[in-house]
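Visitor: input-v3.tsv (TSV, C-alpha atoms and all ligand atoms) pasted underneath:
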```tsv
chain	number	residue	atom	x	y	z
J	1	MET	CA	24.54	-14.91	-13.61
J	2	THR	CA	25.39	-15.70	-9.98
J	3	SER	CA	24.01	-18.97	-8.57
J	4	LEU	CA	21.05	-18.83	-6.21
J	5	PRO	CA	21.42	-19.84	-2.56
J	6	GLU	CA	20.47	-23.44	-1.77
J	7	ARG	CA	17.14	-22.50	-0.14
J	8	LEU	CA	15.94	-20.92	-3.38
J	9	ASP	CA	17.20	-23.82	-5.45
J	10	SER	CA	15.96	-26.78	-3.40
J	11	PRO	CA	12.78	-28.88	-3.91
J	12	GLU	CA	11.04	-27.30	-0.88
J	13	ARG	CA	12.34	-24.00	-2.15
J	14	LEU	CA	11.23	-20.63	-0.95
J	15	ALA	CA	9.40	-19.04	-3.85
J	16	ALA	CA	10.85	-15.82	-5.20
J	17	PRO	CA	8.81	-12.68	-4.50
J	18	VAL	CA	6.40	-11.66	-7.25
J	19	ALA	CA	6.65	-7.92	-6.63
J	20	ILE	CA	8.86	-5.25	-5.15
J	21	LEU	CA	7.26	-2.08	-3.83
J	22	ALA	CA	9.84	0.69	-4.05
J	23	GLU	CA	9.09	3.71	-1.89
J	24	LEU	CA	11.32	5.97	-3.95
J	25	THR	CA	10.78	8.94	-1.63
J	26	HIS	CA	8.56	9.99	1.25
J	27	ARG	CA	8.32	13.52	-0.18
J	28	CYS	CA	4.77	14.29	-1.35
J	29	PRO	CA	2.84	17.48	-2.07
J	30	LEU	CA	-0.34	15.95	-0.63
J	31	ALA	CA	-1.03	15.39	3.04
J	32	CYS	CA	-3.63	12.59	3.05
J	33	PRO	CA	-4.57	11.68	6.62
J	34	TYR	CA	-4.90	7.94	5.76
J	35	CYS	CA	-1.37	7.57	4.36
J	36	SER	CA	0.22	4.26	5.31
J	37	ASN	CA	3.72	5.77	5.40
J	38	PRO	CA	5.34	5.81	8.85
J	39	LEU	CA	4.90	8.87	11.06
J	40	ALA	CA	8.69	9.40	10.95
J	41	LEU	CA	9.16	10.08	7.23
J	42	ASP	CA	12.58	9.54	5.66
J	43	PRO	CA	14.36	12.82	4.83
J	44	ARG	CA	15.45	13.59	1.26
J	45	GLU	CA	19.16	13.76	2.07
J	46	GLU	CA	19.16	10.12	3.20
J	47	GLU	CA	17.32	8.70	0.16
J	48	LEU	CA	18.94	5.98	-1.96
J	49	SER	CA	20.79	7.25	-5.03
J	50	THR	CA	19.87	6.40	-8.63
J	51	SER	CA	22.62	3.77	-8.77
J	52	ASP	CA	21.40	2.19	-5.51
J	53	TRP	CA	17.93	1.80	-6.99
J	54	THR	CA	19.13	0.44	-10.34
J	55	ARG	CA	21.24	-2.14	-8.47
J	56	VAL	CA	18.20	-3.12	-6.37
J	57	PHE	CA	16.01	-3.58	-9.45
J	58	SER	CA	18.68	-5.63	-11.25
J	59	GLN	CA	19.01	-7.88	-8.21
J	60	ALA	CA	15.23	-8.18	-7.88
J	61	ALA	CA	14.82	-9.17	-11.53
J	62	GLN	CA	17.62	-11.72	-11.19
J	63	LEU	CA	15.85	-13.24	-8.19
J	64	GLY	CA	12.65	-13.67	-10.22
J	65	VAL	CA	10.61	-10.60	-9.26
J	66	LEU	CA	8.15	-9.68	-12.04
J	67	HIS	CA	6.54	-6.39	-10.94
J	68	ALA	CA	8.08	-3.15	-9.72
J	69	HIS	CA	5.59	-0.85	-8.02
J	70	LEU	CA	7.11	2.63	-7.96
J	71	SER	CA	5.58	4.39	-5.02
J	72	GLY	CA	6.27	6.89	-2.26
J	73	GLY	CA	5.32	9.46	-1.04
J	74	GLU	CA	5.06	10.84	-4.54
J	75	PRO	CA	7.54	9.03	-6.82
J	76	ALA	CA	7.41	11.88	-9.37
J	77	ALA	CA	9.21	14.02	-6.78
J	78	ARG	CA	12.35	12.10	-7.86
J	79	GLN	CA	13.96	13.74	-10.86
J	80	ASP	CA	15.53	10.40	-11.85
J	81	LEU	CA	12.16	8.63	-12.20
J	82	ALA	CA	12.46	8.18	-15.99
J	83	LEU	CA	15.99	6.76	-15.59
J	84	ILE	CA	14.73	4.30	-13.00
J	85	ILE	CA	11.86	3.22	-15.29
J	86	THR	CA	14.24	2.80	-18.24
J	87	HIS	CA	16.40	0.56	-16.09
J	88	CYS	CA	13.46	-1.51	-14.81
J	89	ALA	CA	12.30	-2.05	-18.40
J	90	SER	CA	15.83	-3.06	-19.45
J	91	VAL	CA	15.93	-5.83	-16.82
J	92	GLY	CA	12.44	-7.07	-17.73
J	93	LEU	CA	10.39	-5.72	-14.81
J	94	TYR	CA	6.76	-4.67	-15.37
J	95	THR	CA	6.53	-1.14	-13.95
J	96	ASN	CA	3.54	0.35	-12.19
J	97	LEU	CA	3.66	4.00	-11.14
J	98	ILE	CA	1.57	4.72	-8.04
J	99	THR	CA	1.07	8.46	-8.11
J	100	SER	CA	-0.97	11.34	-6.71
J	101	GLY	CA	-0.46	12.99	-10.11
J	102	ILE	CA	0.58	16.24	-8.46
J	103	GLY	CA	3.88	17.42	-9.90
J	104	LEU	CA	3.39	15.65	-13.23
J	105	THR	CA	3.14	17.63	-16.47
J	106	GLN	CA	2.01	16.29	-19.84
J	107	ASP	CA	5.63	16.28	-21.06
J	108	ARG	CA	6.72	14.32	-18.00
J	109	VAL	CA	3.96	11.74	-18.49
J	110	ARG	CA	5.09	11.30	-22.13
J	111	GLU	CA	8.70	10.98	-20.98
J	112	LEU	CA	7.77	8.24	-18.50
J	113	ALA	CA	5.75	6.36	-21.13
J	114	GLN	CA	8.68	6.57	-23.57
J	115	ALA	CA	11.01	5.34	-20.83
J	116	GLY	CA	8.97	2.11	-20.77
J	117	LEU	CA	6.39	2.64	-18.05
J	118	ASP	CA	3.77	-0.12	-18.28
J	119	HIS	CA	0.92	1.12	-16.09
J	120	ALA	CA	-0.16	4.09	-13.96
J	121	GLN	CA	-2.24	4.07	-10.82
J	122	LEU	CA	-3.67	7.50	-9.97
J	123	SER	CA	-5.18	8.28	-6.57
J	124	ILE	CA	-8.37	10.28	-6.15
J	125	GLN	CA	-9.65	11.52	-2.80
J	126	ASP	CA	-13.34	12.09	-3.60
J	127	SER	CA	-15.74	12.78	-6.49
J	128	ASP	CA	-16.63	16.11	-4.92
J	129	ALA	CA	-13.91	18.72	-5.62
J	130	PRO	CA	-13.96	20.74	-2.36
J	131	SER	CA	-14.06	17.56	-0.26
J	132	ALA	CA	-11.27	15.96	-2.34
J	133	ASP	CA	-9.02	19.00	-1.83
J	134	ARG	CA	-9.77	19.08	1.89
J	135	ILE	CA	-8.91	15.38	2.31
J	136	ALA	CA	-5.68	15.81	0.30
J	137	GLY	CA	-4.77	18.97	2.22
J	138	TYR	CA	-4.01	20.60	-1.17
J	139	LYS	CA	-6.10	23.22	-2.96
J	140	GLY	CA	-6.56	22.44	-6.64
J	141	ALA	CA	-5.58	18.76	-6.36
J	142	PHE	CA	-8.91	17.52	-7.73
J	143	ALA	CA	-8.74	19.64	-10.91
J	144	ARG	CA	-5.10	18.73	-11.49
J	145	LYS	CA	-5.82	15.01	-11.24
J	146	GLN	CA	-8.46	15.21	-13.98
J	147	ALA	CA	-5.82	16.63	-16.31
J	148	VAL	CA	-3.22	14.03	-15.29
J	149	ALA	CA	-5.67	11.19	-15.97
J	150	GLU	CA	-6.23	12.58	-19.47
J	151	TRP	CA	-2.47	12.81	-20.12
J	152	ILE	CA	-1.96	9.22	-18.91
J	153	VAL	CA	-4.66	7.90	-21.25
J	154	GLN	CA	-3.37	10.04	-24.17
J	155	ALA	CA	0.12	8.62	-23.61
J	156	GLY	CA	-1.35	5.15	-24.21
J	157	LEU	CA	-0.83	3.95	-20.66
J	158	PRO	CA	-3.42	1.73	-18.97
J	159	LEU	CA	-4.90	3.65	-16.04
J	160	THR	CA	-6.12	2.40	-12.67
J	161	VAL	CA	-7.81	4.84	-10.31
J	162	ASN	CA	-7.34	4.28	-6.57
J	163	ALA	CA	-9.81	5.61	-4.05
J	164	VAL	CA	-9.42	5.17	-0.31
J	165	ILE	CA	-12.79	5.15	1.45
J	166	HIS	CA	-13.43	6.68	4.88
J	167	ARG	CA	-16.03	8.67	6.73
J	168	ALA	CA	-15.74	11.86	4.66
J	169	ASN	CA	-16.28	10.20	1.26
J	170	ILE	CA	-18.01	6.88	1.96
J	171	SER	CA	-21.41	8.13	0.80
J	172	ARG	CA	-19.86	8.77	-2.66
J	173	ALA	CA	-18.15	5.39	-3.24
J	174	GLY	CA	-20.37	4.81	-6.30
J	175	LYS	CA	-19.76	8.34	-7.60
J	176	MET	CA	-16.01	7.76	-7.40
J	177	ILE	CA	-16.38	4.63	-9.53
J	178	GLU	CA	-18.39	6.68	-12.07
J	179	LEU	CA	-15.61	9.30	-12.01
J	180	ALA	CA	-13.01	6.59	-12.70
J	181	VAL	CA	-15.04	5.48	-15.75
J	182	ARG	CA	-15.20	9.11	-17.01
J	183	LEU	CA	-11.43	9.46	-16.52
J	184	GLY	CA	-10.85	6.51	-18.85
J	185	ALA	CA	-9.64	4.03	-16.22
J	186	ARG	CA	-9.73	0.34	-17.05
J	187	ARG	CA	-9.70	-0.56	-13.38
J	188	VAL	CA	-10.66	1.12	-10.13
J	189	GLU	CA	-9.56	0.08	-6.67
J	190	ILE	CA	-12.02	0.97	-3.93
J	191	ALA	CA	-10.18	0.28	-0.69
J	192	HIS	CA	-11.58	1.01	2.72
J	193	THR	CA	-8.95	2.65	4.91
J	194	GLN	CA	-6.39	0.34	6.49
J	195	TYR	CA	-5.30	1.71	9.86
J	196	TYR	CA	-1.51	1.92	9.65
J	197	GLY	CA	0.86	4.89	9.93
J	198	TRP	CA	-1.04	8.15	9.51
J	199	GLY	CA	-4.25	6.17	9.05
J	200	LEU	CA	-3.90	4.73	12.55
J	201	LEU	CA	-3.15	8.18	13.95
J	202	ASN	CA	-6.33	9.52	12.31
J	203	ARG	CA	-8.47	6.43	12.94
J	204	ALA	CA	-11.12	8.26	14.99
J	205	ALA	CA	-11.62	10.83	12.20
J	206	LEU	CA	-11.59	8.26	9.37
J	207	MET	CA	-13.68	5.36	10.67
J	208	PRO	CA	-17.16	5.24	9.13
J	209	SER	CA	-20.22	3.94	10.95
J	210	ARG	CA	-21.19	0.30	10.41
J	211	ALA	CA	-24.34	1.42	8.57
J	212	ALA	CA	-22.33	3.61	6.18
J	213	ALA	CA	-19.79	0.82	5.60
J	214	GLU	CA	-22.52	-1.72	4.84
J	215	ALA	CA	-24.29	0.67	2.44
J	216	ALA	CA	-21.03	1.37	0.58
J	217	ILE	CA	-20.16	-2.33	0.34
J	218	ALA	CA	-23.60	-3.08	-1.14
J	219	GLU	CA	-23.33	-0.17	-3.59
J	220	VAL	CA	-19.86	-1.21	-4.82
J	221	GLU	CA	-20.80	-4.89	-5.12
J	222	ALA	CA	-23.88	-3.91	-7.19
J	223	LEU	CA	-21.76	-1.72	-9.46
J	224	LYS	CA	-19.36	-4.61	-10.02
J	225	LYS	CA	-22.23	-6.37	-11.79
J	226	THR	CA	-23.72	-3.42	-13.70
J	227	LEU	CA	-20.31	-2.15	-14.86
J	228	ALA	CA	-18.90	-5.56	-15.83
J	229	GLY	CA	-17.16	-5.12	-19.17
J	230	VAL	CA	-16.87	-1.33	-18.63
J	231	ILE	CA	-14.42	-1.21	-15.74
J	232	VAL	CA	-12.87	-3.76	-13.38
J	233	ILE	CA	-13.66	-2.94	-9.75
J	234	ASP	CA	-11.28	-4.22	-7.06
J	235	HIS	CA	-12.99	-3.90	-3.70
J	236	VAL	CA	-11.05	-4.06	-0.43
J	237	ILE	CA	-13.67	-4.28	2.31
J	238	PRO	CA	-13.25	-2.60	5.71
J	239	ASP	CA	-11.35	-4.71	8.23
J	240	TYR	CA	-13.08	-3.40	11.31
J	241	HIS	CA	-16.49	-4.56	10.09
J	242	ALA	CA	-15.33	-8.00	8.90
J	243	SER	CA	-15.37	-11.43	10.60
J	244	TYR	CA	-12.22	-12.82	9.03
J	245	PRO	CA	-8.91	-11.04	8.43
J	246	LYS	CA	-7.20	-10.49	5.11
J	247	ALA	CA	-4.13	-12.51	4.14
J	248	CYS	CA	-1.97	-9.45	4.59
J	249	MET	CA	0.73	-9.15	1.89
J	250	GLY	CA	-0.41	-12.61	0.68
J	251	GLY	CA	1.49	-13.97	3.68
J	252	TRP	CA	4.57	-12.63	5.43
J	253	GLY	CA	7.68	-12.99	3.28
J	254	LYS	CA	5.76	-15.01	0.68
J	255	ARG	CA	4.97	-12.74	-2.27
J	256	GLY	CA	6.56	-9.34	-1.99
J	257	LEU	CA	8.98	-6.96	-0.36
J	258	ASN	CA	9.02	-3.23	0.27
J	259	VAL	CA	12.09	-1.04	0.17
J	260	THR	CA	11.96	2.29	2.01
J	261	PRO	CA	13.45	5.54	0.62
J	262	THR	CA	16.57	4.99	2.74
J	263	GLY	CA	16.96	1.34	1.71
J	264	LYS	CA	15.45	-0.71	4.52
J	265	ALA	CA	13.88	-3.91	3.16
J	266	LEU	CA	10.56	-4.62	4.86
J	267	PRO	CA	8.14	-7.58	4.59
J	268	CYS	CA	5.26	-5.03	4.64
J	269	HIS	CA	4.86	-1.26	4.81
J	270	ALA	CA	4.15	-1.20	8.57
J	271	ALA	CA	6.72	-3.80	9.66
J	272	GLU	CA	8.88	-1.20	11.38
J	273	THR	CA	6.17	-0.79	14.03
J	274	ILE	CA	6.97	-4.34	15.26
J	275	PRO	CA	9.64	-4.07	17.95
J	276	HIS	CA	12.82	-6.13	17.90
J	277	LEU	CA	12.65	-7.05	14.20
J	278	GLU	CA	16.02	-6.68	12.47
J	279	PHE	CA	15.74	-5.12	9.01
J	280	TRP	CA	18.57	-5.34	6.55
J	281	ASN	CA	19.40	-2.49	4.21
J	282	VAL	CA	19.88	-2.80	0.44
J	283	ARG	CA	23.04	-0.70	0.86
J	284	ASP	CA	24.63	-3.62	2.75
J	285	HIS	CA	22.90	-6.76	1.44
J	286	ALA	CA	21.81	-8.13	-1.93
J	287	ILE	CA	18.07	-8.65	-2.44
J	288	VAL	CA	18.45	-12.44	-2.64
J	289	ASP	CA	20.28	-12.43	0.70
J	290	ILE	CA	17.60	-10.24	2.30
J	291	TRP	CA	14.78	-12.40	0.95
J	292	THR	CA	16.26	-15.69	2.13
J	293	ASN	CA	18.20	-14.80	5.26
J	294	SER	CA	17.17	-11.52	6.85
J	295	PRO	CA	15.75	-11.98	10.36
J	296	ALA	CA	12.73	-9.75	9.65
J	297	PHE	CA	11.62	-11.80	6.62
J	298	ASN	CA	12.03	-15.08	8.50
J	299	ALA	CA	10.26	-13.87	11.67
J	300	PHE	CA	6.76	-14.99	10.60
J	301	ARG	CA	7.50	-17.56	7.90
J	302	GLY	CA	6.43	-21.17	8.37
J	303	GLU	CA	4.12	-22.21	11.22
J	304	ASP	CA	6.35	-22.40	14.30
J	305	TRP	CA	5.38	-18.94	15.50
J	306	ILE	CA	1.60	-19.46	15.08
J	307	ARG	CA	-0.48	-19.55	18.28
J	308	GLU	CA	-4.02	-20.61	19.05
J	309	PRO	CA	-6.69	-20.06	17.84
J	310	CYS	CA	-4.87	-20.01	14.47
J	311	ARG	CA	-2.65	-23.05	15.14
J	312	SER	CA	-5.59	-25.48	14.99
J	313	CYS	CA	-7.68	-23.47	12.51
J	314	PRO	CA	-8.08	-24.73	8.91
J	315	ARG	CA	-8.07	-21.15	7.59
J	316	LYS	CA	-4.45	-20.59	8.64
J	317	THR	CA	-3.31	-21.64	5.18
J	318	ILE	CA	-5.67	-19.05	3.66
J	319	ASP	CA	-5.19	-15.96	5.82
J	320	TYR	CA	-2.01	-16.87	7.78
J	321	GLY	CA	-3.66	-15.46	10.91
J	322	GLY	CA	-4.19	-12.06	9.30
J	323	CYS	CA	-2.01	-9.02	9.67
J	324	ARG	CA	0.97	-9.07	12.07
J	325	CYS	CA	1.07	-5.28	12.31
J	326	GLN	CA	-2.62	-5.01	13.15
J	327	ALA	CA	-2.23	-7.79	15.74
J	328	LEU	CA	0.56	-5.78	17.33
J	329	ALA	CA	-1.30	-2.47	17.21
J	330	LEU	CA	-4.43	-3.91	18.82
J	331	THR	CA	-3.11	-6.61	21.19
J	332	GLY	CA	0.48	-5.53	21.87
J	333	ASP	CA	1.83	-8.82	20.44
J	334	ALA	CA	2.50	-9.41	16.73
J	335	ARG	CA	2.13	-13.23	17.17
J	336	GLU	CA	-1.53	-13.02	18.16
J	337	ALA	CA	-4.35	-13.71	15.68
J	338	ASP	CA	-5.40	-10.53	13.91
J	339	PRO	CA	-8.28	-9.28	16.13
J	340	VAL	CA	-10.38	-8.71	13.02
J	341	CYS	CA	-11.01	-12.47	13.26
J	342	HIS	CA	-14.14	-13.29	15.24
J	343	LEU	CA	-12.23	-16.20	16.82
J	344	SER	CA	-9.60	-13.88	18.33
J	345	PRO	CA	-9.97	-13.31	22.08
J	346	TYR	CA	-9.42	-9.61	21.29
J	347	HIS	CA	-12.17	-9.35	18.67
J	348	ALA	CA	-14.50	-7.40	21.00
J	349	LYS	CA	-11.90	-4.63	21.03
J	350	ILE	CA	-12.37	-4.09	17.28
J	351	ALA	CA	-16.13	-3.87	17.65
J	352	ALA	CA	-15.71	-1.37	20.51
J	353	ILE	CA	-13.37	0.86	18.44
J	354	ALA	CA	-15.75	0.74	15.46
J	355	ALA	CA	-18.74	1.52	17.70
J	356	GLN	CA	-17.04	4.61	19.17
J	357	ASN	CA	-17.54	6.32	15.85
J	358	GLU	CA	-21.22	5.57	15.34
J	359	ASP	CA	-22.31	9.03	16.52
J	360	ALA	CA	-19.46	11.05	15.02
J	361	GLY	CA	-20.81	14.02	13.05
J	362	GLY	CA	-19.44	17.17	11.39
J	363	ALA	CA	-16.30	17.56	9.28
J	364	PRO	CA	-13.53	15.30	10.60
J	365	ILE	CA	-10.45	17.02	12.05
J	366	TYR	CA	-7.30	15.44	10.64
J	367	SER	CA	-3.66	15.28	11.64
J	368	TYR	CA	-2.33	15.82	8.12
J	369	ARG	CA	0.69	13.90	6.89
J	370	ARG	CA	3.58	16.37	6.80
J	371	MET	CA	7.34	16.01	6.61
J	372	LYS	CA	8.79	17.19	9.88
J	373	GLN	CA	12.21	18.68	10.27
J	374	ARG	CA	14.47	16.31	12.14
J	375	GLU	CA	16.06	17.49	15.39
J	376	PRO	CA	19.69	18.39	14.69
J	377	ALA	CA	22.06	15.65	15.81
J	378	GLU	CA	23.86	16.46	19.09
P	401	LIG	FE1	-7.52	-16.91	10.40
P	401	LIG	FE2	-6.52	-17.43	12.84
P	401	LIG	FE3	-9.03	-16.55	12.58
P	401	LIG	FE4	-8.42	-19.03	11.81
P	401	LIG	S1	-8.33	-18.23	13.90
P	401	LIG	S2	-9.70	-17.57	10.67
P	401	LIG	S3	-6.29	-18.70	11.02
P	401	LIG	S4	-7.11	-15.43	12.06
P	402	LIG	FE1	2.37	-5.62	8.29
P	402	LIG	FE2	-0.07	-6.50	7.57
P	402	LIG	S1	0.79	-4.45	7.39
P	402	LIG	S2	1.67	-7.69	8.16
```
Represent the structure of the file as structure tokens.
Guide:
Amino acid sequence: MTSLPERLDSPERLAAPVAILAELTHRCPLACPYCSNPLALDPREEELSTSDWTRVFSQAAQLGVLHAHLSGGEPAARQDLALIITHCASVGLYTNLITSGIGLTQDRVRELAQAGLDHAQLSIQDSDAPSADRIAGYKGAFARKQAVAEWIVQAGLPLTVNAVIHRANISRAGKMIELAVRLGARRVEIAHTQYYGWGLLNRAALMPSRAAAEAAIAEVEALKKTLAGVIVIDHVIPDYHASYPKACMGGWGKRGLNVTPTGKALPCHAAETIPHLEFWNVRDHAIVDIWTNSPAFNAFRGEDWIREPCRSCPRKTIDYGGCRCQALALTGDAREADPVCHLSPYHAKIAAIAAQNEDAGGAPIYSYRRMKQREPAE
């Protein structure tokens, strides 16, 4: 075993990340308009190879990472998924497959379970089939997902159902939790849309009214009590109707790292939107080197970069000033307090954006997430 750099081995040591989120591919049969992937999706021909990924997972495990979230896009679009899971299991990583379910067969689910998969997280778009298929941009997705959930449970894998909440499905938040129970999930994650990537592009079509958001929050919180012992409900409340921001990623460079399909290591999924950050690639640097020394991971560590009102605020050790990417998107400067915070001088902007959608009616018109052909190089 190679020795760890001094910073990871000293008394005031930088803790090792808990989790790695591996975006194995940006390919996906679905086209969800709230996808947090970047608008410029990585093309297949530039994806990391199987041996690149196995090296990354070995290095992550050696650094102390415990969880490998296998995500995308749709990770099942990679034919080497079972090999990757086998490798993760062999180096002691707990594997969580984050999947749309589309493209999986019962045999494939069995193969992944036998390879050592520990847990599966299946997305649903709605409890109403026509609406679910419209949101996913894929006819038949709803029916297929019911079958995939059954195969996951039959394979003995613990199942979590993920549902992203927005204007088109917010009135059925409770129905989606009931659906998760019927599908045999042990846990359901009800997450109001976060406006990054395609979600930011589609913000006007996705944002619910304040009244709808408050009704959904109350419904989900009530179900948490009545369904205690039946299913665990994780509830991510909507940013734009909150007074305090979330501690995005549990703090920048504190708990986890993302690796893109082409190998860029990011402190969060939207970090590439922040200009002038330098991202290192797993093709050129070991994970331990990236975690301790890469400029992007060190950009918002510690407190030197923190400005008022966060600098003198006691909550800065709880929420770290919120989300850097949201601060950038809404103020033009990633060092500002997240404007979700009512103490931010930009907070009124959030309220104004949320209010714009109060009167929105009719079926939302989406810009669906699609892979675009790249322009040929000159
Ligand atoms: Fe968090 Fe900054 Fe708001 Fe304080 S001022 S609650 S640290 S975002
Ligand atoms: Fe980048 Fe929140 S998504 S810090």
Visitor: Rounded to one decimal, what separation in Å do you get between atom CA of J:Phe300 and atom CA of J:Val288?
Guide: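 Spanning atom CA of J:Phe300 to atom CA of J:Val288 is a straight-line distance of 17.8 Å.
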Visitor: Just want the 7 Å neighbourhood of stretch 142-155 of chain J, counted on all atoms listed in the file, with same-chain residues fewer than 4 positions away dropped. Output as a list in words.
Guide: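 The filter keeps Gly101, Ile102, Gln106, Val109, Arg110, Ala113, Ala129, Ala132, Asp133, Leu159, Leu183 and Gly184 of chain J.
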Visitor: With C-alpha atoms retained, export the selected residues as a PDB file, in the coordinates of the input.
Guide:
```pdb
ATOM      1  CA  GLY J 101      -0.460  12.990 -10.110  1.00  0.00           C
ATOM      2  CA  ILE J 102       0.580  16.240  -8.460  1.00  0.00           C
ATOM      3  CA  GLN J 106       2.010  16.290 -19.840  1.00  0.00           C
ATOM      4  CA  VAL J 109       3.960  11.740 -18.490  1.00  0.00           C
ATOM      5  CA  ARG J 110       5.090  11.300 -22.130  1.00  0.00           C
ATOM      6  CA  ALA J 113       5.750   6.360 -21.130  1.00  0.00           C
ATOM      7  CA  ALA J 129     -13.910  18.720  -5.620  1.00  0.00           C
ATOM      8  CA  ALA J 132     -11.270  15.960  -2.340  1.00  0.00           C
ATOM      9  CA  ASP J 133      -9.020  19.000  -1.830  1.00  0.00           C
ATOM     10  CA  LEU J 159      -4.900   3.650 -16.040  1.00  0.00           C
ATOM     11  CA  LEU J 183     -11.430   9.460 -16.520  1.00  0.00           C
ATOM     12  CA  GLY J 184     -10.850   6.510 -18.850  1.00  0.00           C
TER      13      GLY J 184
END
```
Visitor: Can you work out which one of J:His342, J:Arg335, J:His119, J:Lys316 has the shortest atom-to-atom distance to ligand LIG 401 (chain P), counting only C-alpha atoms and all ligand atoms?
Guide: J:Lys316
Visitor: Between J:Arg186, J:Arg369, J:His347, J:His285, which has the minimum distance to ligand LIG 401 (chain P) (counting all atoms listed in the file)?
Guide: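 When distances to ligand LIG 401 (chain P) are compared using all atoms listed in the file, the smallest one comes from J:His347.
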Visitor: With a distance cut-off of 10 Å and only C-alpha atoms, select the neighbouring residues of J:Ala205, excluding the residue or stretch itself and same-chain residues fewer than 5 positions from it, and output the selection as a PyMOL selection string.
Guide: chain J and resi 33-34+166-168+199-200+357+360-361+363-367
Visitor: Give me, as JSON, numbers by chain, the set of residues whose atoms come within 9 Å of any atom of ligand LIG 401 (chain P), counting all atoms listed in the file.
Guide: {"J": [243, 244, 245, 246, 247, 306, 307, 308, 309, 310, 311, 312, 313, 314, 315, 316, 317, 318, 319, 320, 321, 322, 323, 336, 337, 338, 339, 340, 341, 342, 343, 344]}
Visitor: Which residue out of J:Ile353, J:Cys88, J:Ile231, J:Ile287 has the minimum interatomic distance to J:Asn258 when only C-alpha atoms are used?
Guide: J:Ile287
